[in-house]
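Q: Below you'll find run.csv; it's CSV, C-alpha atoms.
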chain,number,residue,atom,x,y,z
H,8,MET,CA,-221.4,-6.5,-188.6
H,9,THR,CA,-219.3,-4.1,-190.4
H,10,GLU,CA,-216.8,-1.8,-188.8
H,11,ALA,CA,-219.2,1.1,-189.2
H,12,MET,CA,-221.7,-0.5,-186.9
H,13,ILE,CA,-219.1,-1.1,-184.3
H,14,ARG,CA,-217.1,2.1,-184.3
H,15,LYS,CA,-219.7,4.5,-185.3
H,16,LYS,CA,-220.1,7.8,-183.5
H,17,PRO,CA,-223.4,9.5,-183.3
H,18,GLY,CA,-223.9,12.1,-186.0
H,19,MET,CA,-221.4,10.5,-188.5
H,20,ALA,CA,-222.1,11.5,-192.0
H,21,SER,CA,-219.9,8.9,-193.8
H,22,VAL,CA,-217.5,6.1,-193.1
H,23,LYS,CA,-214.6,8.5,-193.6
H,24,ASP,CA,-215.4,10.2,-190.4
H,25,MET,CA,-215.1,7.1,-188.2
H,26,PRO,CA,-212.9,7.5,-185.2
H,27,LEU,CA,-209.4,6.1,-185.8
H,28,LEU,CA,-208.3,2.7,-184.5
H,29,GLN,CA,-204.5,2.7,-184.8
H,30,ASP,CA,-201.5,1.2,-183.2
H,31,GLY,CA,-199.4,4.0,-181.8
H,32,PRO,CA,-196.9,5.0,-179.1
H,33,PRO,CA,-197.9,5.0,-175.5
H,34,PRO,CA,-198.7,8.4,-174.1
H,35,GLY,CA,-195.5,10.4,-173.5
H,36,GLY,CA,-193.7,8.5,-176.2
H,37,PHE,CA,-191.2,5.6,-176.0
H,38,ALA,CA,-188.0,5.7,-173.9
H,39,PRO,CA,-184.9,7.0,-175.7
H,40,VAL,CA,-182.8,4.3,-177.5
H,41,ARG,CA,-179.0,4.7,-177.7
H,42,TYR,CA,-177.7,4.0,-181.2
H,43,ALA,CA,-174.3,5.6,-181.0
H,44,ARG,CA,-171.0,3.5,-181.2
H,45,ARG,CA,-169.1,3.0,-178.0
H,46,ILE,CA,-165.9,1.1,-178.9
H,47,SER,CA,-163.4,1.4,-176.0
H,48,ASN,CA,-159.8,2.2,-176.4
H,49,THR,CA,-158.6,0.0,-173.5
H,50,GLY,CA,-156.8,-3.4,-173.8
H,51,PRO,CA,-153.4,-4.4,-175.1
H,52,SER,CA,-151.6,-2.1,-177.5
H,53,ALA,CA,-150.7,-3.2,-181.0
H,54,MET,CA,-147.0,-3.7,-180.0
H,55,ALA,CA,-148.1,-5.9,-177.1
H,56,ILE,CA,-150.3,-8.1,-179.4
H,57,PHE,CA,-147.5,-8.4,-181.9
H,58,LEU,CA,-144.9,-9.3,-179.3
H,59,THR,CA,-147.2,-11.9,-177.8
H,60,PHE,CA,-147.9,-13.4,-181.2
H,61,SER,CA,-144.2,-13.5,-182.1
H,62,GLY,CA,-143.3,-15.0,-178.8
H,63,ALA,CA,-145.8,-17.8,-179.1
H,64,PHE,CA,-144.6,-18.4,-182.7
H,65,ALA,CA,-141.0,-18.5,-181.7
H,66,TRP,CA,-141.6,-20.8,-178.8
H,67,GLY,CA,-143.7,-23.1,-181.0
H,68,MET,CA,-140.9,-23.3,-183.7
H,69,TYR,CA,-138.4,-24.1,-180.9
H,70,GLN,CA,-140.6,-27.0,-179.8
H,71,VAL,CA,-140.8,-28.1,-183.4
H,72,GLY,CA,-137.0,-28.2,-183.6
H,73,GLN,CA,-136.7,-30.1,-180.4
H,74,GLY,CA,-139.2,-32.6,-181.6
H,75,ASN,CA,-137.3,-33.0,-184.9
H,76,LYS,CA,-134.1,-33.7,-183.0
H,77,ILE,CA,-135.8,-36.4,-181.0
H,78,ARG,CA,-137.3,-38.0,-184.1
H,79,ARG,CA,-134.0,-37.8,-185.9
H,80,ALA,CA,-132.4,-39.6,-183.1
H,81,LEU,CA,-135.0,-42.4,-183.2
H,82,LYS,CA,-134.5,-42.7,-187.0
H,83,GLU,CA,-130.7,-42.9,-186.5
H,84,GLU,CA,-131.2,-45.6,-184.0
H,85,LYS,CA,-133.2,-47.6,-186.5
H,86,TYR,CA,-130.8,-47.1,-189.3
H,87,ALA,CA,-127.8,-48.0,-187.1
H,88,ALA,CA,-129.5,-51.3,-186.2
H,89,ARG,CA,-130.1,-52.0,-189.9
H,90,ARG,CA,-126.5,-51.2,-190.7
H,91,ALA,CA,-125.3,-53.6,-188.0
H,92,ILE,CA,-127.3,-56.5,-189.2
H,93,LEU,CA,-126.9,-56.0,-192.9
H,94,PRO,CA,-123.7,-58.0,-193.2
H,95,ILE,CA,-125.0,-61.2,-191.7
H,96,LEU,CA,-128.1,-61.1,-193.8
H,97,GLN,CA,-126.1,-60.5,-196.9
H,98,ALA,CA,-123.6,-63.3,-195.9
H,99,GLU,CA,-126.5,-65.8,-195.5
H,100,GLU,CA,-128.0,-64.8,-198.8
H,101,ASP,CA,-124.6,-65.2,-200.5
H,102,GLU,CA,-124.3,-68.7,-199.2
H,103,ARG,CA,-127.7,-69.6,-200.4
H,104,PHE,CA,-127.0,-68.0,-203.8
H,105,VAL,CA,-123.7,-69.7,-204.3
H,106,SER,CA,-125.1,-73.1,-203.7
H,107,GLU,CA,-128.1,-72.4,-206.0
H,108,TRP,CA,-125.7,-71.0,-208.7
H,109,LYS,CA,-123.5,-74.1,-208.5
H,110,LYS,CA,-126.6,-76.3,-209.0
H,111,TYR,CA,-127.6,-74.1,-212.0
H,112,LEU,CA,-124.2,-74.4,-213.6
H,113,ALA,CA,-124.2,-78.1,-213.2
H,114,TYR,CA,-127.6,-78.2,-214.9
H,115,GLU,CA,-126.4,-75.9,-217.7
H,116,ALA,CA,-123.3,-78.1,-218.2
H,117,ASP,CA,-125.6,-81.1,-218.4
H,118,VAL,CA,-128.0,-79.5,-220.9
H,119,MET,CA,-125.3,-78.1,-223.2
H,120,LYS,CA,-122.8,-81.0,-223.0
H,121,ASP,CA,-123.3,-81.8,-226.7
H,122,VAL,CA,-123.0,-78.3,-228.0
H,123,PRO,CA,-119.5,-77.8,-229.4
H,124,GLY,CA,-117.6,-74.7,-228.1
H,125,TRP,CA,-120.0,-73.8,-225.3
H,126,LYS,CA,-118.3,-72.5,-222.2
H,127,VAL,CA,-120.5,-73.3,-219.2
H,128,GLY,CA,-118.9,-70.8,-216.8
H,129,GLU,CA,-121.2,-67.7,-216.9
H,130,ASN,CA,-121.0,-66.3,-220.4
H,131,VAL,CA,-123.1,-63.3,-219.5
H,132,TYR,CA,-121.6,-59.8,-220.0
H,133,ASN,CA,-118.2,-58.5,-221.2
H,134,SER,CA,-117.5,-55.7,-218.8
H,135,GLY,CA,-115.7,-57.9,-216.3
H,136,ARG,CA,-118.0,-56.8,-213.4
H,137,TRP,CA,-120.2,-59.4,-211.7
H,138,MET,CA,-123.9,-58.8,-212.5
H,139,PRO,CA,-126.7,-60.7,-210.8
H,140,PRO,CA,-128.4,-63.3,-213.1
H,141,ALA,CA,-131.2,-61.6,-215.0
H,142,THR,CA,-133.8,-64.4,-215.1
H,143,GLY,CA,-136.6,-62.1,-214.0
H,144,GLU,CA,-137.2,-64.3,-211.0
H,145,LEU,CA,-135.6,-63.5,-207.6
H,146,ARG,CA,-136.3,-66.8,-205.8
H,147,PRO,CA,-137.8,-69.4,-208.2
H,148,ASP,CA,-138.2,-71.9,-205.3
H,149,VAL,CA,-140.2,-69.4,-203.3
H,150,TRP,CA,-142.4,-68.0,-206.1
A,24,MET,CA,-141.7,-73.6,-182.3
A,25,GLU,CA,-142.9,-70.0,-181.7
A,26,ALA,CA,-141.8,-67.2,-184.0
A,27,ASN,CA,-140.8,-65.1,-181.1
A,28,ALA,CA,-138.3,-67.5,-179.6
A,29,ALA,CA,-134.7,-66.5,-179.5
A,30,VAL,CA,-133.2,-70.0,-179.6
A,31,ASP,CA,-134.4,-73.3,-181.0
A,32,GLY,CA,-134.7,-76.5,-179.0
A,33,THR,CA,-130.9,-77.2,-178.8
A,34,GLY,CA,-130.0,-73.7,-177.7
A,35,ASN,CA,-128.8,-72.5,-181.1
A,36,PRO,CA,-129.8,-68.9,-181.8
A,37,ILE,CA,-132.3,-68.3,-184.6
A,38,PRO,CA,-131.4,-65.2,-186.5
A,39,THR,CA,-134.9,-63.8,-187.0
A,40,SER,CA,-135.5,-60.1,-187.6
A,41,ALA,CA,-136.7,-59.7,-184.0
A,42,VAL,CA,-133.6,-61.4,-182.5
A,43,LEU,CA,-131.3,-59.5,-184.8
A,44,THR,CA,-132.8,-56.1,-184.2
A,45,ALA,CA,-132.9,-56.8,-180.4
A,46,SER,CA,-129.1,-57.5,-180.4
A,47,ALA,CA,-128.2,-55.0,-183.1
A,48,LYS,CA,-126.3,-52.7,-180.8
A,49,HIS,CA,-124.3,-55.6,-179.5
A,50,ILE,CA,-123.6,-56.8,-183.0
A,51,GLY,CA,-122.6,-53.4,-184.1
A,52,MET,CA,-120.1,-53.1,-181.3
A,53,ARG,CA,-118.7,-56.6,-181.0
A,54,CYS,CA,-118.6,-57.8,-184.6
A,55,MET,CA,-117.6,-54.5,-186.1
A,56,GLN,CA,-114.3,-55.9,-187.5
A,57,GLU,CA,-115.9,-58.8,-189.4
A,58,ASN,CA,-118.7,-56.6,-190.6
A,59,MET,CA,-116.3,-53.9,-192.0
A,60,ALA,CA,-114.1,-56.5,-193.6
A,61,PHE,CA,-117.1,-58.1,-195.3
A,62,LEU,CA,-118.4,-54.8,-196.5
A,63,LYS,CA,-115.1,-53.7,-197.9
A,64,CYS,CA,-114.8,-57.0,-199.8
A,65,LYS,CA,-118.3,-56.5,-201.2
A,66,LYS,CA,-117.5,-53.0,-202.2
A,67,ASN,CA,-114.5,-54.2,-204.1
A,68,ASP,CA,-116.3,-57.0,-205.9
A,69,PRO,CA,-120.0,-57.7,-205.5
A,70,ASN,CA,-119.6,-61.3,-206.6
A,71,PRO,CA,-120.9,-63.5,-203.8
A,72,GLU,CA,-118.4,-66.2,-204.5
A,73,LYS,CA,-115.4,-63.9,-203.8
A,74,CYS,CA,-116.5,-62.9,-200.3
A,75,LEU,CA,-117.7,-66.2,-199.0
A,76,ASP,CA,-115.0,-66.6,-196.4
A,77,LYS,CA,-115.5,-63.2,-194.9
A,78,GLY,CA,-119.2,-63.9,-194.9
A,79,ARG,CA,-118.6,-67.0,-192.9
A,80,ASP,CA,-116.6,-65.0,-190.5
A,81,VAL,CA,-119.5,-62.6,-190.1
A,82,THR,CA,-122.0,-65.4,-189.6
A,83,ARG,CA,-119.8,-67.2,-187.1
A,84,CYS,CA,-119.2,-64.0,-185.1
A,85,VAL,CA,-122.9,-63.0,-185.0
A,86,LEU,CA,-124.3,-66.4,-184.2
A,87,GLY,CA,-121.7,-66.9,-181.5
A,88,LEU,CA,-122.6,-63.5,-180.1
A,89,LEU,CA,-126.3,-64.4,-180.1
A,90,LYS,CA,-125.6,-67.6,-178.3
A,91,ASP,CA,-123.3,-65.9,-175.7
A,92,LEU,CA,-126.0,-63.2,-175.1
A,93,HIS,CA,-128.7,-65.8,-174.6
A,94,GLN,CA,-126.5,-67.7,-172.2
A,95,ARG,CA,-125.6,-64.7,-170.1
A,96,CYS,CA,-129.1,-63.2,-169.8
A,97,PRO,CA,-131.8,-65.5,-171.1
A,98,LYS,CA,-134.8,-64.0,-169.5
A,99,GLU,CA,-134.1,-60.4,-170.4
A,100,MET,CA,-133.2,-61.4,-174.0
A,101,ASP,CA,-136.3,-63.4,-174.4
A,102,ALA,CA,-138.5,-60.6,-173.1
A,103,TYR,CA,-136.8,-58.1,-175.4
A,104,VAL,CA,-137.1,-60.4,-178.4
A,105,GLY,CA,-140.7,-61.0,-177.6
A,106,CYS,CA,-141.4,-57.3,-177.4
A,107,MET,CA,-139.6,-56.7,-180.7
A,108,TYR,CA,-141.6,-59.5,-182.3
A,109,TYR,CA,-144.8,-58.0,-181.0
A,110,TYR,CA,-144.1,-54.5,-182.1
A,111,THR,CA,-142.3,-55.4,-185.3
A,112,ASN,CA,-138.9,-54.1,-184.4
A,113,GLU,CA,-139.9,-50.6,-183.1
A,114,PHE,CA,-137.3,-49.5,-180.6
A,115,ASP,CA,-139.4,-46.8,-179.1
A,116,LEU,CA,-142.1,-49.1,-178.0
A,117,CYS,CA,-139.8,-51.5,-176.1
A,118,ARG,CA,-137.7,-49.1,-174.0
A,119,LYS,CA,-138.4,-51.0,-170.7
A,120,GLU,CA,-137.3,-54.3,-172.0
A,121,GLN,CA,-134.3,-52.7,-173.7
A,122,GLU,CA,-133.1,-51.1,-170.5
A,123,ALA,CA,-133.5,-54.4,-168.6
A,124,PHE,CA,-131.6,-56.2,-171.4
A,125,GLU,CA,-128.8,-53.7,-171.4
A,126,LYS,CA,-128.5,-53.7,-167.7
A,127,ALA,CA,-128.2,-57.5,-167.6
A,128,CYS,CA,-126.0,-57.9,-170.7
A,129,PRO,CA,-124.1,-54.6,-170.8
A,130,LEU,CA,-123.0,-53.1,-174.1
A,131,LYS,CA,-119.4,-52.8,-172.9
What is this structure when it is put down as structure tokens?
A:
Amino acid sequence: MTEAMIRKKPGMASVKDMPLLQDGPPPGGFAPVRYARRISNTGPSAMAIFLTFSGAFAWGMYQVGQGNKIRRALKEEKYAARRAILPILQAEEDERFVSEWKKYLAYEADVMKDVPGWKVGENVYNSGRWMPPATGELRPDVW
Amino acid sequence: MEANAAVDGTGNPIPTSAVLTASAKHIGMRCMQENMAFLKCKKNDPNPEKCLDKGRDVTRCVLGLLKDLHQRCPKEMDAYVGCMYYYTNEFDLCRKEQEAFEKACPLK
């Protein structure tokens, strides 16, 4: 049925005179609602916040420095150990190199024995300093 | 023959990296003269043939020191070398074994 059949009032001339059916406030109105700001002024002051922050930062940087000291000591220990064992490692490598070099010189003398005017002994550079042999291979027996 | 052994079958020390780093402080203290002489010679002339004798001094000093250390405190040295081998020469991870080793064989 249409709304007019449901909501009609007796003596209605047209649909425009129907009683209203509306959502509205309860009788007496709604309770009042606060919408004003209430930001309190209590709590730490600006200087207090700044000092706390600076204190925490300074303490943190101090801890960073202490940690760096410890780490530097550890690194120094490692480097000191490497400095201590460097000579024996170099000495062992020197022995191995000298024996290999002698073998190589013997091989060179054997290969070039028929070439006139060939000096076997290390005709590498003219500066007088010793340079390691530049064959492009460090340890041919290993590689 | 395990890689973390400090000496081979006949008691001769094997200069692996673990053994050398474990005894590095002792080497630095006891073989300092030979090390310094060798390094000075090398600085003068990097030719290996020229510094062979000083190199032999260094090798003799260090191997003798390793053998001496192993004879004086074998267990602590083996433990320390094993720890060094396990942690690839990290000093900070082997503090316990290091203290035991330095208490048994003092640095003097």
Q: Considering only C-alpha atoms, tabulate each residue of chain H that lies at most 10 Å from chain A along with its nearest interatomic pair and the corresponding distance in Å to one decimal; arrange the rows by chain and ascending residue number and present them as JSON lines.
A:
{"residue": "H:Leu81", "atom": "CA", "partner": "A:Asp115", "partner_atom": "CA", "distance": 7.5}
{"residue": "H:Lys82", "atom": "CA", "partner": "A:Phe114", "partner_atom": "CA", "distance": 9.7}
{"residue": "H:Glu84", "atom": "CA", "partner": "A:Phe114", "partner_atom": "CA", "distance": 8.0}
{"residue": "H:Lys85", "atom": "CA", "partner": "A:Phe114", "partner_atom": "CA", "distance": 7.4}
{"residue": "H:Ala87", "atom": "CA", "partner": "A:Lys48", "partner_atom": "CA", "distance": 8.0}
{"residue": "H:Ala88", "atom": "CA", "partner": "A:Ala47", "partner_atom": "CA", "distance": 5.0}
{"residue": "H:Arg89", "atom": "CA", "partner": "A:Thr44", "partner_atom": "CA", "distance": 7.5}
{"residue": "H:Arg90", "atom": "CA", "partner": "A:Gly51", "partner_atom": "CA", "distance": 8.0}
{"residue": "H:Ala91", "atom": "CA", "partner": "A:Gly51", "partner_atom": "CA", "distance": 4.7}
{"residue": "H:Ile92", "atom": "CA", "partner": "A:Ala47", "partner_atom": "CA", "distance": 6.3}
{"residue": "H:Leu93", "atom": "CA", "partner": "A:Asn58", "partner_atom": "CA", "distance": 8.5}
{"residue": "H:Pro94", "atom": "CA", "partner": "A:Asn58", "partner_atom": "CA", "distance": 5.8}
{"residue": "H:Ile95", "atom": "CA", "partner": "A:Thr82", "partner_atom": "CA", "distance": 5.6}
{"residue": "H:Leu96", "atom": "CA", "partner": "A:Thr82", "partner_atom": "CA", "distance": 8.6}
{"residue": "H:Gln97", "atom": "CA", "partner": "A:Gly78", "partner_atom": "CA", "distance": 7.9}
{"residue": "H:Ala98", "atom": "CA", "partner": "A:Gly78", "partner_atom": "CA", "distance": 4.6}
{"residue": "H:Glu99", "atom": "CA", "partner": "A:Thr82", "partner_atom": "CA", "distance": 7.4}
{"residue": "H:Glu100", "atom": "CA", "partner": "A:Pro71", "partner_atom": "CA", "distance": 8.8}
{"residue": "H:Asp101", "atom": "CA", "partner": "A:Pro71", "partner_atom": "CA", "distance": 5.2}
{"residue": "H:Glu102", "atom": "CA", "partner": "A:Leu75", "partner_atom": "CA", "distance": 7.1}
{"residue": "H:Arg103", "atom": "CA", "partner": "A:Pro71", "partner_atom": "CA", "distance": 9.7}
{"residue": "H:Phe104", "atom": "CA", "partner": "A:Pro71", "partner_atom": "CA", "distance": 7.6}
{"residue": "H:Val105", "atom": "CA", "partner": "A:Glu72", "partner_atom": "CA", "distance": 6.4}
{"residue": "H:Ser106", "atom": "CA", "partner": "A:Glu72", "partner_atom": "CA", "distance": 9.7}
{"residue": "H:Trp108", "atom": "CA", "partner": "A:Glu72", "partner_atom": "CA", "distance": 9.7}
{"residue": "H:Arg136", "atom": "CA", "partner": "A:Asp68", "partner_atom": "CA", "distance": 7.7}
{"residue": "H:Trp137", "atom": "CA", "partner": "A:Asn70", "partner_atom": "CA", "distance": 5.5}
{"residue": "H:Met138", "atom": "CA", "partner": "A:Asn70", "partner_atom": "CA", "distance": 7.7}
{"residue": "H:Pro139", "atom": "CA", "partner": "A:Asn70", "partner_atom": "CA", "distance": 8.3}
Q: So that I have them on file, write out the residues from the current selection with C-alpha atoms, as a compact mmCIF listing (two decimals), in the coordinates of the input.
A:
# COMPACT_ATOMS: atom_id res chain seq x y z
CA LEU H 81 -135.00 -42.40 -183.20
CA LYS H 82 -134.50 -42.70 -187.00
CA GLU H 84 -131.20 -45.60 -184.00
CA LYS H 85 -133.20 -47.60 -186.50
CA ALA H 87 -127.80 -48.00 -187.10
CA ALA H 88 -129.50 -51.30 -186.20
CA ARG H 89 -130.10 -52.00 -189.90
CA ARG H 90 -126.50 -51.20 -190.70
CA ALA H 91 -125.30 -53.60 -188.00
CA ILE H 92 -127.30 -56.50 -189.20
CA LEU H 93 -126.90 -56.00 -192.90
CA PRO H 94 -123.70 -58.00 -193.20
CA ILE H 95 -125.00 -61.20 -191.70
CA LEU H 96 -128.10 -61.10 -193.80
CA GLN H 97 -126.10 -60.50 -196.90
CA ALA H 98 -123.60 -63.30 -195.90
CA GLU H 99 -126.50 -65.80 -195.50
CA GLU H 100 -128.00 -64.80 -198.80
CA ASP H 101 -124.60 -65.20 -200.50
CA GLU H 102 -124.30 -68.70 -199.20
CA ARG H 103 -127.70 -69.60 -200.40
CA PHE H 104 -127.00 -68.00 -203.80
CA VAL H 105 -123.70 -69.70 -204.30
CA SER H 106 -125.10 -73.10 -203.70
CA TRP H 108 -125.70 -71.00 -208.70
CA ARG H 136 -118.00 -56.80 -213.40
CA TRP H 137 -120.20 -59.40 -211.70
CA MET H 138 -123.90 -58.80 -212.50
CA PRO H 139 -126.70 -60.70 -210.80
Q: Would you mind listing what lies within 8 Å of A:Phe124 as a PyMOL selection string, with all atoms listed in the file counted and same-chain residues fewer than 4 positions away left out?
A: chain A and resi 96+99-100+103+120+128-129
Q: How would the residues just chosen look if you wrote them out with C-alpha atoms as a compact mmCIF listing (two decimals), in the coordinates of the input?
A:
# COMPACT_ATOMS: atom_id res chain seq x y z
CA CYS A 96 -129.10 -63.20 -169.80
CA GLU A 99 -134.10 -60.40 -170.40
CA MET A 100 -133.20 -61.40 -174.00
CA TYR A 103 -136.80 -58.10 -175.40
CA GLU A 120 -137.30 -54.30 -172.00
CA CYS A 128 -126.00 -57.90 -170.70
CA PRO A 129 -124.10 -54.60 -170.80
Q: Using all atoms listed in the file, can you tell me which of A:Leu116, A:Ala102, A:Ala28, A:Ile37 comes closest to A:Leu89?
A: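 For A:Leu89, the nearest of the given residues is A:Ile37.
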Q: What's the separation between atom CA of H:Gly135 and atom CA of H:Met119, in Å to one decimal place?
A: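 So the two atoms, atom CA of H:Gly135 and atom CA of H:Met119, lie 23.4 Å apart.
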Q: Would you list the contacts of H:Lys23 as a list in words, taking every protein, DNA or RNA residue within 10 Å and counting all atoms listed in the file, but skipping same-chain residues closer than 4 positions in sequence?
A: Ala11, Met19 and Leu27 of chain H
Q: Counting only C-alpha atoms, figure out which residue out of A:Arg53, A:Pro36, A:Ala41, A:Lys90 gets nearest to A:Val104.
A: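 Among the listed residues, A:Ala41 lies closest to A:Val104.
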Q: Counting all atoms listed in the file, which of A:Gln56, A:Asn27, A:Asn35, A:Asn67 gets nearest to A:Asp91?
A: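 Nearest to A:Asp91: A:Asn35.
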Q: Can you pull out every residue within 12 Å of H:Leu28, counting all atoms listed in the file, but drop anything in the same chain fewer than 2 positions away, and send it as a list of chain:residue names?
A: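 Result of the neighbour search: H:Glu10, H:Ala11, H:Ile13, H:Arg14, H:Lys15, H:Asp24, H:Met25, H:Pro26, H:Asp30, H:Gly31.
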